[in-house]
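J.: For reference, the file input27.tsv (TSV, C-alpha atoms) is included below:
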chain	number	residue	atom	x	y	z
A	12	MET	CA	-21.05	-17.75	-8.76
A	13	ILE	CA	-19.24	-16.09	-5.87
A	14	TYR	CA	-16.15	-18.13	-6.77
A	15	ILE	CA	-16.20	-16.77	-10.33
A	16	ASP	CA	-16.56	-13.23	-8.97
A	17	ILE	CA	-13.62	-13.77	-6.62
A	18	LEU	CA	-11.54	-15.17	-9.47
A	19	ILE	CA	-12.34	-12.21	-11.74
A	20	MET	CA	-11.42	-9.74	-9.00
A	21	ALA	CA	-8.14	-11.55	-8.38
A	22	LEU	CA	-7.28	-11.66	-12.08
A	23	VAL	CA	-7.95	-7.95	-12.71
A	24	THR	CA	-5.95	-6.96	-9.61
A	25	TYR	CA	-3.05	-9.24	-10.54
A	26	LEU	CA	-2.82	-7.99	-14.13
A	27	ILE	CA	-2.73	-4.37	-12.93
A	28	ARG	CA	0.18	-5.19	-10.64
A	29	MET	CA	1.98	-7.54	-13.00
A	30	ILE	CA	2.05	-5.79	-16.39
A	31	PRO	CA	4.17	-2.76	-15.39
A	32	LEU	CA	6.62	-5.00	-13.50
A	33	ALA	CA	6.96	-7.40	-16.42
A	34	VAL	CA	7.21	-4.77	-19.16
A	35	PHE	CA	9.65	-2.30	-17.63
A	36	HIS	CA	12.63	-4.53	-17.24
A	37	LYS	CA	15.24	-1.87	-18.01
A	38	LYS	CA	15.95	1.34	-16.22
A	39	ILE	CA	13.92	4.19	-17.67
A	40	GLU	CA	16.26	6.83	-19.14
A	41	ASN	CA	13.87	9.73	-19.66
A	42	ARG	CA	14.53	12.32	-16.98
A	43	PHE	CA	10.93	13.49	-16.62
A	44	ALA	CA	9.66	9.90	-16.30
A	45	ARG	CA	12.36	9.08	-13.75
A	46	SER	CA	11.51	12.15	-11.70
A	47	PHE	CA	7.81	11.37	-11.95
A	48	LEU	CA	8.32	7.83	-10.67
A	49	TYR	CA	10.61	9.07	-7.91
A	50	TYR	CA	7.78	11.22	-6.55
A	51	VAL	CA	4.98	8.64	-7.02
A	52	PRO	CA	5.41	6.82	-3.68
A	53	TYR	CA	5.25	9.99	-1.63
A	54	SER	CA	2.27	11.53	-3.40
A	55	CYS	CA	0.41	8.21	-3.57
A	56	LEU	CA	0.88	7.47	0.14
A	57	THR	CA	-0.15	11.03	1.00
A	58	ALA	CA	-3.27	10.82	-1.18
A	59	MET	CA	-4.27	7.58	0.55
A	60	THR	CA	-3.72	9.05	4.02
A	61	ILE	CA	-5.24	12.50	3.65
A	62	PRO	CA	-8.09	13.06	4.27
A	63	ALA	CA	-9.13	9.40	4.81
A	64	VAL	CA	-7.20	9.01	8.09
A	65	PHE	CA	-9.29	11.71	9.77
A	66	SER	CA	-12.42	9.59	9.51
A	67	ALA	CA	-10.73	6.26	10.26
A	68	THR	CA	-11.37	6.30	14.01
A	69	GLY	CA	-14.48	7.09	16.04
A	70	HIS	CA	-13.68	10.79	16.37
A	71	LEU	CA	-11.92	13.46	14.36
A	72	ALA	CA	-10.04	14.55	17.49
A	73	SER	CA	-8.55	11.12	18.21
A	74	ALA	CA	-7.57	10.67	14.56
A	75	ALA	CA	-5.90	14.08	14.49
A	76	ALA	CA	-4.00	13.23	17.68
A	77	GLY	CA	-2.91	9.93	16.11
A	78	VAL	CA	-1.66	11.71	12.98
A	79	ALA	CA	0.18	14.31	15.06
A	80	ALA	CA	1.87	11.56	17.07
A	81	ALA	CA	2.88	9.69	13.91
A	82	VAL	CA	4.30	12.82	12.26
A	83	LEU	CA	6.24	13.76	15.38
A	84	LEU	CA	7.69	10.27	15.84
A	85	ALA	CA	8.58	9.99	12.15
A	86	PHE	CA	10.14	13.46	12.22
A	87	ARG	CA	12.39	12.29	15.03
A	88	GLY	CA	13.52	9.40	12.85
A	89	ARG	CA	11.69	6.52	14.57
A	90	GLY	CA	11.08	3.29	12.61
A	91	LEU	CA	7.87	2.02	11.00
A	92	VAL	CA	6.72	-0.09	13.94
A	93	THR	CA	7.32	2.60	16.56
A	94	VAL	CA	5.48	5.20	14.50
A	95	ALA	CA	2.50	2.90	13.79
A	96	ALA	CA	2.26	1.63	17.38
A	97	GLY	CA	2.71	5.11	18.87
A	98	SER	CA	-0.04	6.43	16.66
A	99	CYS	CA	-2.43	3.62	17.73
A	100	GLY	CA	-1.56	4.17	21.38
A	101	VAL	CA	-2.32	7.88	21.22
A	102	VAL	CA	-5.69	7.25	19.51
A	103	PHE	CA	-6.58	4.74	22.22
A	104	ILE	CA	-5.57	7.04	25.08
A	105	VAL	CA	-7.38	10.06	23.63
A	106	GLU	CA	-10.58	8.07	23.11
A	107	GLN	CA	-10.46	6.58	26.61
A	108	PHE	CA	-9.60	9.66	28.63
A	109	PHE	CA	-10.56	12.76	26.68
A	110	LEU	CA	-13.69	11.90	24.72
B	176	MET	CA	22.70	-23.79	-4.89
B	177	GLY	CA	26.18	-22.83	-3.72
B	178	THR	CA	27.00	-21.89	-0.15
B	179	ARG	CA	27.39	-18.23	-0.99
B	180	GLU	CA	24.06	-18.15	-2.78
B	181	ARG	CA	22.36	-19.94	0.10
B	182	GLN	CA	23.75	-17.35	2.50
B	183	PHE	CA	22.55	-14.56	0.25
B	184	TRP	CA	19.05	-16.06	0.17
B	185	LYS	CA	18.97	-16.56	3.91
B	186	LYS	CA	20.10	-13.02	4.65
B	187	GLU	CA	17.84	-11.31	2.11
B	188	TYR	CA	14.77	-13.44	2.88
B	189	GLY	CA	15.32	-12.94	6.60
B	190	THR	CA	15.58	-9.17	6.28
B	191	GLY	CA	12.40	-9.03	4.21
B	192	PHE	CA	10.61	-11.37	6.59
B	193	LYS	CA	11.43	-9.12	9.54
B	194	ASP	CA	10.37	-5.97	7.65
B	195	GLY	CA	7.04	-7.68	6.96
B	196	ILE	CA	6.14	-8.19	10.64
B	197	PRO	CA	4.62	-4.73	11.29
B	198	ILE	CA	2.69	-4.93	8.00
B	199	ALA	CA	1.30	-8.34	8.94
B	200	LEU	CA	0.21	-7.05	12.36
B	201	GLY	CA	-1.56	-4.10	10.76
B	202	TYR	CA	-3.19	-6.43	8.23
B	203	LEU	CA	-4.46	-8.77	10.92
B	204	SER	CA	-6.61	-5.98	12.32
B	205	VAL	CA	-7.68	-4.41	9.03
B	206	SER	CA	-8.59	-7.71	7.40
B	207	PHE	CA	-10.67	-8.53	10.47
B	208	SER	CA	-13.12	-5.91	9.28
B	209	VAL	CA	-12.99	-7.32	5.74
B	210	GLY	CA	-14.04	-10.70	7.16
B	211	ILE	CA	-16.87	-9.17	9.16
B	212	LEU	CA	-18.17	-7.28	6.11
B	213	ALA	CA	-17.87	-10.30	3.79
B	214	VAL	CA	-19.72	-12.71	6.08
B	215	SER	CA	-22.47	-10.20	6.82
B	216	SER	CA	-22.81	-9.73	3.03
B	217	GLY	CA	-23.48	-13.42	2.45
B	218	PHE	CA	-19.99	-14.89	1.92
B	219	THR	CA	-18.95	-18.01	3.82
B	220	VAL	CA	-15.84	-17.78	6.00
B	221	PHE	CA	-13.95	-19.89	3.45
B	222	GLN	CA	-14.97	-17.66	0.57
B	223	SER	CA	-13.95	-14.56	2.53
B	224	ALA	CA	-10.52	-15.98	3.31
B	225	LEU	CA	-10.07	-17.21	-0.26
B	226	MET	CA	-10.86	-13.73	-1.57
B	227	SER	CA	-8.25	-12.23	0.72
B	228	LEU	CA	-5.64	-14.84	-0.18
B	229	CYS	CA	-5.93	-14.26	-3.92
B	230	ASN	CA	-6.62	-10.51	-3.97
B	231	VAL	CA	-4.57	-9.02	-1.11
B	232	THR	CA	-6.07	-5.55	-1.51
B	233	SER	CA	-8.13	-3.69	1.08
B	234	ALA	CA	-10.04	-1.03	-0.86
B	235	GLY	CA	-10.58	-3.33	-3.84
B	236	GLN	CA	-12.05	-6.07	-1.67
B	237	PHE	CA	-14.29	-3.68	0.26
B	238	ALA	CA	-15.70	-2.40	-3.02
B	239	GLY	CA	-15.87	-5.87	-4.59
B	240	ILE	CA	-17.84	-7.29	-1.66
B	241	ARG	CA	-20.32	-4.45	-1.99
B	242	VAL	CA	-20.75	-4.97	-5.75
B	243	ILE	CA	-21.16	-8.74	-5.40
B	244	ALA	CA	-23.59	-8.40	-2.48
B	245	ALA	CA	-25.68	-5.96	-4.51
B	246	GLY	CA	-25.79	-8.46	-7.38
B	247	GLY	CA	-23.83	-6.14	-9.69
B	248	ALA	CA	-22.88	-7.15	-13.22
B	249	ILE	CA	-19.47	-8.69	-13.93
B	250	LEU	CA	-18.52	-5.65	-15.99
B	251	GLU	CA	-19.23	-3.43	-13.00
B	252	LEU	CA	-17.06	-5.68	-10.84
B	253	ILE	CA	-14.19	-5.48	-13.35
B	254	LEU	CA	-14.49	-1.69	-13.66
B	255	THR	CA	-14.50	-1.03	-9.90
B	256	GLN	CA	-11.43	-3.24	-9.46
B	257	LEU	CA	-9.71	-1.54	-12.37
B	258	ILE	CA	-10.31	1.97	-11.09
B	259	ILE	CA	-9.71	1.36	-7.40
B	260	ASN	CA	-6.61	-0.73	-8.02
B	261	LEU	CA	-5.13	1.25	-10.89
B	262	ARG	CA	-2.79	2.95	-8.41
B	263	TYR	CA	-0.97	-0.39	-8.17
B	264	ALA	CA	0.09	0.03	-11.79
B	265	LEU	CA	1.90	3.23	-10.79
B	266	MET	CA	3.41	1.49	-7.78
B	267	SER	CA	4.54	-1.49	-9.83
B	268	LEU	CA	6.08	0.85	-12.37
B	269	SER	CA	7.90	2.66	-9.60
B	270	LEU	CA	8.91	-0.63	-7.99
B	271	SER	CA	10.25	-1.96	-11.31
B	272	GLN	CA	12.89	0.77	-11.19
B	273	LYS	CA	14.10	-0.28	-7.76
B	274	LEU	CA	14.38	-4.02	-8.41
B	275	SER	CA	17.86	-5.45	-8.70
B	276	GLU	CA	18.84	-6.23	-12.29
B	277	LYS	CA	19.27	-9.88	-11.31
B	278	VAL	CA	15.53	-10.33	-10.78
B	279	THR	CA	14.25	-12.47	-13.68
B	280	ILE	CA	10.95	-12.09	-15.51
B	281	ARG	CA	9.48	-15.17	-13.78
B	282	GLN	CA	10.46	-13.79	-10.41
B	283	ARG	CA	8.83	-10.49	-11.34
B	284	LEU	CA	5.58	-12.35	-12.10
B	285	LEU	CA	5.64	-13.68	-8.51
B	286	ILE	CA	6.64	-10.43	-6.84
B	287	ALA	CA	3.77	-8.63	-8.58
B	288	PHE	CA	1.18	-10.78	-6.81
B	289	ALA	CA	1.23	-8.99	-3.46
B	290	ASN	CA	2.51	-5.53	-4.34
B	291	THR	CA	0.19	-3.87	-1.83
B	292	ASP	CA	0.26	-0.26	-0.61
B	293	GLU	CA	2.15	-1.18	2.53
B	294	ILE	CA	4.56	-3.67	0.95
B	295	PHE	CA	5.30	-1.09	-1.71
B	296	ALA	CA	5.87	1.58	0.96
B	297	VAL	CA	8.31	-0.58	2.89
B	298	ALA	CA	10.06	-1.81	-0.26
B	299	MET	CA	10.62	1.75	-1.47
B	300	SER	CA	12.05	2.82	1.87
B	301	HIS	CA	14.51	-0.12	1.81
B	302	ALA	CA	18.01	1.29	1.59
B	303	LYS	CA	19.33	-1.06	-1.12
B	304	SER	CA	18.00	-2.23	-4.49
B	305	LEU	CA	15.42	-4.98	-4.08
B	306	THR	CA	16.26	-8.65	-4.54
B	307	PHE	CA	13.89	-11.55	-5.20
B	308	PRO	CA	14.35	-13.26	-1.81
B	309	TYR	CA	13.91	-9.95	0.01
B	310	MET	CA	10.59	-9.35	-1.75
B	311	LEU	CA	9.44	-12.92	-1.05
B	312	GLY	CA	10.33	-12.54	2.62
B	313	LEU	CA	8.60	-9.17	2.80
B	314	GLN	CA	5.37	-10.61	1.36
B	315	THR	CA	5.21	-13.86	3.35
B	316	LEU	CA	3.77	-12.73	6.68
B	317	PRO	CA	1.51	-9.97	5.32
B	318	ILE	CA	-0.24	-12.44	2.95
B	319	LEU	CA	-0.73	-14.86	5.85
B	320	GLY	CA	-1.86	-12.09	8.21
B	321	TRP	CA	-4.29	-10.70	5.67
B	322	THR	CA	-5.86	-14.11	5.01
B	323	LEU	CA	-5.89	-15.24	8.63
B	324	GLY	CA	-7.36	-11.95	9.85
B	325	THR	CA	-10.17	-12.19	7.30
B	326	ALA	CA	-11.02	-15.72	8.44
B	327	LEU	CA	-10.92	-14.69	12.12
B	328	GLY	CA	-13.06	-11.63	11.44
B	329	GLY	CA	-15.58	-13.77	9.59
B	330	LEU	CA	-15.62	-16.31	12.43
B	331	ALA	CA	-15.62	-14.01	15.39
B	332	GLY	CA	-17.76	-11.19	14.09
B	333	GLN	CA	-17.52	-7.99	16.03
B	334	LEU	CA	-15.41	-9.36	18.84
B	335	LEU	CA	-13.04	-6.43	19.21
B	336	PRO	CA	-14.34	-3.57	21.34
B	337	ASP	CA	-14.77	-0.34	19.35
B	338	ALA	CA	-11.99	1.44	21.23
B	339	VAL	CA	-9.44	-1.20	20.20
B	340	ALA	CA	-10.70	-1.39	16.62
B	341	ASN	CA	-10.54	2.41	16.30
B	342	ALA	CA	-7.00	2.53	17.62
B	343	LEU	CA	-5.81	-0.27	15.31
B	344	SER	CA	-7.35	1.36	12.27
B	345	VAL	CA	-4.70	4.09	12.21
B	346	ALA	CA	-1.81	1.57	12.20
B	347	LEU	CA	-1.54	1.43	8.42
B	348	TYR	CA	-1.75	5.21	8.05
B	349	GLY	CA	0.97	5.46	10.69
B	350	MET	CA	3.21	3.34	8.48
B	351	PHE	CA	2.53	5.58	5.48
B	352	ILE	CA	3.43	8.62	7.56
B	353	ALA	CA	6.62	6.91	8.70
B	354	VAL	CA	7.72	6.58	5.07
B	355	VAL	CA	6.73	10.06	3.88
B	356	VAL	CA	7.84	12.32	6.75
B	357	PRO	CA	11.59	11.48	6.85
B	358	ALA	CA	11.86	12.00	3.06
B	359	ALA	CA	9.93	15.29	3.26
B	360	LYS	CA	12.20	16.42	6.08
B	361	LYS	CA	15.31	15.69	4.07
B	362	ARG	CA	14.29	16.93	0.62
B	363	PHE	CA	12.34	20.12	-0.05
B	364	PRO	CA	10.74	18.91	-3.33
B	365	VAL	CA	9.22	15.91	-1.52
B	366	LEU	CA	7.75	18.20	1.15
B	367	TRP	CA	6.35	20.42	-1.58
B	368	ILE	CA	4.76	17.46	-3.38
B	369	VAL	CA	3.30	16.04	-0.16
B	370	ILE	CA	1.62	19.37	0.61
B	371	LEU	CA	0.31	19.72	-2.94
B	372	THR	CA	-1.08	16.17	-2.87
B	373	ALA	CA	-2.79	16.71	0.48
B	374	LEU	CA	-4.43	19.91	-0.79
B	375	LEU	CA	-5.61	18.26	-4.02
B	376	SER	CA	-6.91	15.25	-2.15
B	377	CYS	CA	-8.90	17.42	0.28
B	378	VAL	CA	-10.34	19.51	-2.56
B	379	ILE	CA	-11.59	16.37	-4.33
B	380	ALA	CA	-12.97	14.95	-1.10
B	381	TYR	CA	-14.78	18.05	0.15
B	382	VAL	CA	-15.69	20.29	-2.80
B	383	PRO	CA	-19.18	19.23	-3.96
B	384	VAL	CA	-18.35	19.48	-7.70
B	385	PHE	CA	-16.07	16.44	-7.35
B	386	GLU	CA	-18.60	14.31	-5.48
B	387	GLY	CA	-18.79	11.72	-8.25
B	388	ILE	CA	-15.06	10.87	-8.05
B	389	SER	CA	-14.47	7.61	-6.18
B	390	ASP	CA	-11.71	7.23	-3.59
B	391	GLY	CA	-9.65	5.05	-5.91
B	392	MET	CA	-9.93	7.52	-8.77
B	393	SER	CA	-9.05	10.41	-6.48
B	394	ILE	CA	-5.83	8.67	-5.40
B	395	ILE	CA	-4.83	8.22	-9.04
B	396	ILE	CA	-5.63	11.82	-10.01
B	397	CYS	CA	-3.75	13.27	-7.03
B	398	THR	CA	-0.75	11.00	-7.52
B	399	VAL	CA	-0.41	11.69	-11.24
B	400	ALA	CA	-0.99	15.45	-10.95
B	401	ALA	CA	1.35	16.04	-8.00
B	402	SER	CA	4.12	13.74	-9.27
B	403	ALA	CA	3.98	15.33	-12.72
B	404	ALA	CA	4.14	18.82	-11.18
B	405	GLY	CA	7.08	17.66	-9.08
B	406	ALA	CA	8.90	16.15	-12.06
B	407	PHE	CA	8.37	19.38	-14.01
B	408	LEU	CA	9.49	21.77	-11.26
B	409	PHE	CA	12.12	19.64	-9.51
B	410	PRO	CA	13.60	17.07	-11.93
B	411	VAL	CA	15.81	14.63	-10.04
B	412	LYS	CA	19.53	14.63	-10.77
B	413	GLU	CA	20.96	11.90	-12.96
B	414	GLU	CA	22.59	9.29	-10.78
B	415	LYS	CA	26.10	8.36	-11.75
Please, can you express the file's structure as structure tokens?

T.:
Amino acid sequence: MIYIDILIMALVTYLIRMIPLAVFHKKIENRFARSFLYYVPYSCLTAMTIPAVFSATGHLASAAAGVAAAVLLAFRGRGLVTVAAGSCGVVFIVEQFFL
Amino acid sequence: MGTRERQFWKKEYGTGFKDGIPIALGYLSVSFSVGILAVSSGFTVFQSALMSLCNVTSAGQFAGIRVIAAGGAILELILTQLIINLRYALMSLSLSQKLSEKVTIRQRLLIAFANTDEIFAVAMSHAKSLTFPYMLGLQTLPILGWTLGTALGGLAGQLLPDAVANALSVALYGMFIAVVVPAAKKRFPVLWIVILTALLSCVIAYVPVFEGISDGMSIIICTVAASAAGAFLFPVKEEK
């Protein structure tokens, strides 16, 4: 039965991802829709990060330090890997030495 | 395949492959916890890895494992996946606008398979329009990392010390921040929308009236509301 459950999960997830990609083959002309879609990545990524990130580690303080480090590094134009690694490093250091 | 086309494939696939490395590393650690949860919920290591290979979604799998372990009905399983993963429909829609016009329908069917939060984030921050080989390259390592990490987590159990696991758990959020901050710095409307989304998201998470709203649903509500407000107040200029 677990295999059927896994298959159902996979199918539902795939259809959600596939249908919009398959249907919208042409560029959308409507200005409101285009603007909406332009903003989707930023609002979606923000909604996934805040407030969830603050309870992702063992302590609120280490998570907040990790976020601050990531924002600072990203603000200074560092790449994805540097920002992610820097953020992890700060969380680790804060938890080891300050908590 | 002509020489020029082969070169194009090699270059685009290679670029995508390289861009996928940090995602794959993040996935290795996150999927570790998926493996631990799945095995402790009664899945075999093989079943856990299979689930990761064919779903490639963190929140959806976490929820799915819980529903299956609790012996939930199939309808409940379908509904949780639908709600938690509905944000991918928005991402796919957004991604469809950035794909190169040369990408065929069959290629789109393949690309859709692993349009995860992180792959979407990296794809959207790619400077050029997205080609099929780039997207394949981008997805290769993350799919492997996600599956392998799940299997390792299932096998090794809680092998990582807490301090390391805690530190690694912010890696994916760090990547999100790396995509959002530069855009918010450059364009005022993006900054405005990011702040609005964060406020909305916190209100839903902490105000007791909204307790019944799941995390997946909250992401959808915040995304739709903030993006619509942004499109209304700051419509983007026509590109030409």

J.: Enumerate as a PyMOL selection string the residues belonging to chain A that approach chain B to within 6 Å, with all atoms listed in the file taken into account.

T.: chain A and resi 17+21+25+27-29+31-32+38+43+46-48+50-51+53-56+58+60-62+68+81+85-86+91-92+94-95+99+102-103

J.: Would you compute the distance between atom CA of B:Phe385 and atom CA of B:Ser233? Give it in Å to one decimal.

T.: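 We find that atom CA of B:Phe385 and atom CA of B:Ser233 lie 23.2 Å from each other.
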
J.: Do you have the atom CA of A:Ala96-atom CA of B:Lys186 distance handy?

T.: 26.4 Å

J.: Do you know which residues are at most 10 Å from A:Ala75 counting only C-alpha atoms, after dropping those on the same chain fewer than 2 positions away, and could you put them as a ChimeraX atom specification?

T.: /A:64-66,68,70-73,77-81,98,101-102

J.: Taking the structure in the block just given, could you write stretch 383-393 of chain B with all heavy atoms, as a PDB file, in the first residue's frame?

T.:
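New file part.pdb:
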ATOM      1  N   PRO B 383      -3.797  34.234  16.595  1.00  0.00           N
ATOM      2  CA  PRO B 383      -4.548  33.000  16.870  1.00  0.00           C
ATOM      3  C   PRO B 383      -5.723  32.726  15.928  1.00  0.00           C
ATOM      4  O   PRO B 383      -6.027  31.567  15.665  1.00  0.00           O
ATOM      5  CB  PRO B 383      -5.055  33.209  18.302  1.00  0.00           C
ATOM      6  CG  PRO B 383      -4.142  34.225  18.900  1.00  0.00           C
ATOM      7  CD  PRO B 383      -3.666  35.093  17.793  1.00  0.00           C
ATOM      8  N   VAL B 384      -6.364  33.779  15.399  1.00  0.00           N
ATOM      9  CA  VAL B 384      -7.517  33.580  14.506  1.00  0.00           C
ATOM     10  C   VAL B 384      -7.151  32.702  13.304  1.00  0.00           C
ATOM     11  O   VAL B 384      -7.965  31.956  12.774  1.00  0.00           O
ATOM     12  CB  VAL B 384      -8.035  34.941  13.966  1.00  0.00           C
ATOM     13  CG1 VAL B 384      -9.363  34.753  13.240  1.00  0.00           C
ATOM     14  CG2 VAL B 384      -8.163  35.949  15.089  1.00  0.00           C
ATOM     15  N   PHE B 385      -5.895  32.803  12.861  1.00  0.00           N
ATOM     16  CA  PHE B 385      -5.470  32.098  11.647  1.00  0.00           C
ATOM     17  C   PHE B 385      -4.818  30.749  11.938  1.00  0.00           C
ATOM     18  O   PHE B 385      -4.135  30.182  11.100  1.00  0.00           O
ATOM     19  CB  PHE B 385      -4.499  32.967  10.847  1.00  0.00           C
ATOM     20  CG  PHE B 385      -5.081  34.288  10.452  1.00  0.00           C
ATOM     21  CD1 PHE B 385      -4.627  35.464  11.038  1.00  0.00           C
ATOM     22  CD2 PHE B 385      -6.083  34.361   9.499  1.00  0.00           C
ATOM     23  CE1 PHE B 385      -5.167  36.690  10.686  1.00  0.00           C
ATOM     24  CE2 PHE B 385      -6.628  35.586   9.133  1.00  0.00           C
ATOM     25  CZ  PHE B 385      -6.175  36.750   9.733  1.00  0.00           C
ATOM     26  N   GLU B 386      -5.029  30.238  13.139  1.00  0.00           N
ATOM     27  CA  GLU B 386      -4.364  29.013  13.568  1.00  0.00           C
ATOM     28  C   GLU B 386      -4.601  27.834  12.626  1.00  0.00           C
ATOM     29  O   GLU B 386      -3.736  27.002  12.417  1.00  0.00           O
ATOM     30  CB  GLU B 386      -4.842  28.648  14.969  1.00  0.00           C
ATOM     31  CG  GLU B 386      -3.776  28.009  15.817  1.00  0.00           C
ATOM     32  CD  GLU B 386      -4.208  27.947  17.278  1.00  0.00           C
ATOM     33  OE1 GLU B 386      -5.369  28.302  17.577  1.00  0.00           O
ATOM     34  OE2 GLU B 386      -3.396  27.544  18.090  1.00  0.00           O
ATOM     35  N   GLY B 387      -5.828  27.778  12.054  1.00  0.00           N
ATOM     36  CA  GLY B 387      -6.186  26.645  11.226  1.00  0.00           C
ATOM     37  C   GLY B 387      -5.506  26.613   9.856  1.00  0.00           C
ATOM     38  O   GLY B 387      -5.590  25.624   9.140  1.00  0.00           O
ATOM     39  N   ILE B 388      -4.833  27.710   9.477  1.00  0.00           N
ATOM     40  CA  ILE B 388      -4.222  27.780   8.149  1.00  0.00           C
ATOM     41  C   ILE B 388      -2.880  27.044   8.147  1.00  0.00           C
ATOM     42  O   ILE B 388      -1.986  27.368   8.919  1.00  0.00           O
ATOM     43  CB  ILE B 388      -4.036  29.246   7.726  1.00  0.00           C
ATOM     44  CG1 ILE B 388      -5.409  29.933   7.633  1.00  0.00           C
ATOM     45  CG2 ILE B 388      -3.309  29.339   6.385  1.00  0.00           C
ATOM     46  CD1 ILE B 388      -5.341  31.398   7.290  1.00  0.00           C
ATOM     47  N   SER B 389      -2.746  26.048   7.268  1.00  0.00           N
ATOM     48  CA  SER B 389      -1.505  25.272   7.218  1.00  0.00           C
ATOM     49  C   SER B 389      -0.385  26.111   6.618  1.00  0.00           C
ATOM     50  O   SER B 389      -0.623  27.145   5.994  1.00  0.00           O
ATOM     51  CB  SER B 389      -1.718  24.022   6.372  1.00  0.00           C
ATOM     52  OG  SER B 389      -1.918  24.409   5.027  1.00  0.00           O
ATOM     53  N   ASP B 390       0.851  25.640   6.784  1.00  0.00           N
ATOM     54  CA  ASP B 390       2.002  26.366   6.244  1.00  0.00           C
ATOM     55  C   ASP B 390       1.912  26.529   4.724  1.00  0.00           C
ATOM     56  O   ASP B 390       2.184  27.586   4.178  1.00  0.00           O
ATOM     57  CB  ASP B 390       3.303  25.626   6.584  1.00  0.00           C
ATOM     58  CG  ASP B 390       3.593  25.690   8.079  1.00  0.00           C
ATOM     59  OD1 ASP B 390       2.877  26.430   8.787  1.00  0.00           O
ATOM     60  OD2 ASP B 390       4.519  24.993   8.524  1.00  0.00           O
ATOM     61  N   GLY B 391       1.503  25.434   4.053  1.00  0.00           N
ATOM     62  CA  GLY B 391       1.414  25.481   2.601  1.00  0.00           C
ATOM     63  C   GLY B 391       0.384  26.498   2.132  1.00  0.00           C
ATOM     64  O   GLY B 391       0.606  27.270   1.195  1.00  0.00           O
ATOM     65  N   MET B 392      -0.748  26.514   2.813  1.00  0.00           N
ATOM     66  CA  MET B 392      -1.826  27.441   2.467  1.00  0.00           C
ATOM     67  C   MET B 392      -1.386  28.877   2.726  1.00  0.00           C
ATOM     68  O   MET B 392      -1.671  29.786   1.940  1.00  0.00           O
ATOM     69  CB  MET B 392      -3.051  27.085   3.336  1.00  0.00           C
ATOM     70  CG  MET B 392      -4.362  27.546   2.763  1.00  0.00           C
ATOM     71  SD  MET B 392      -4.636  26.801   1.155  1.00  0.00           S
ATOM     72  CE  MET B 392      -5.595  28.082   0.405  1.00  0.00           C
ATOM     73  N   SER B 393      -0.669  29.081   3.832  1.00  0.00           N
ATOM     74  CA  SER B 393      -0.202  30.416   4.180  1.00  0.00           C
ATOM     75  C   SER B 393       0.732  30.965   3.098  1.00  0.00           C
ATOM     76  O   SER B 393       0.637  32.132   2.714  1.00  0.00           O
ATOM     77  CB  SER B 393       0.522  30.371   5.529  1.00  0.00           C
ATOM     78  OG  SER B 393       1.170  31.586   5.762  1.00  0.00           O
TER      79      SER B 393
END
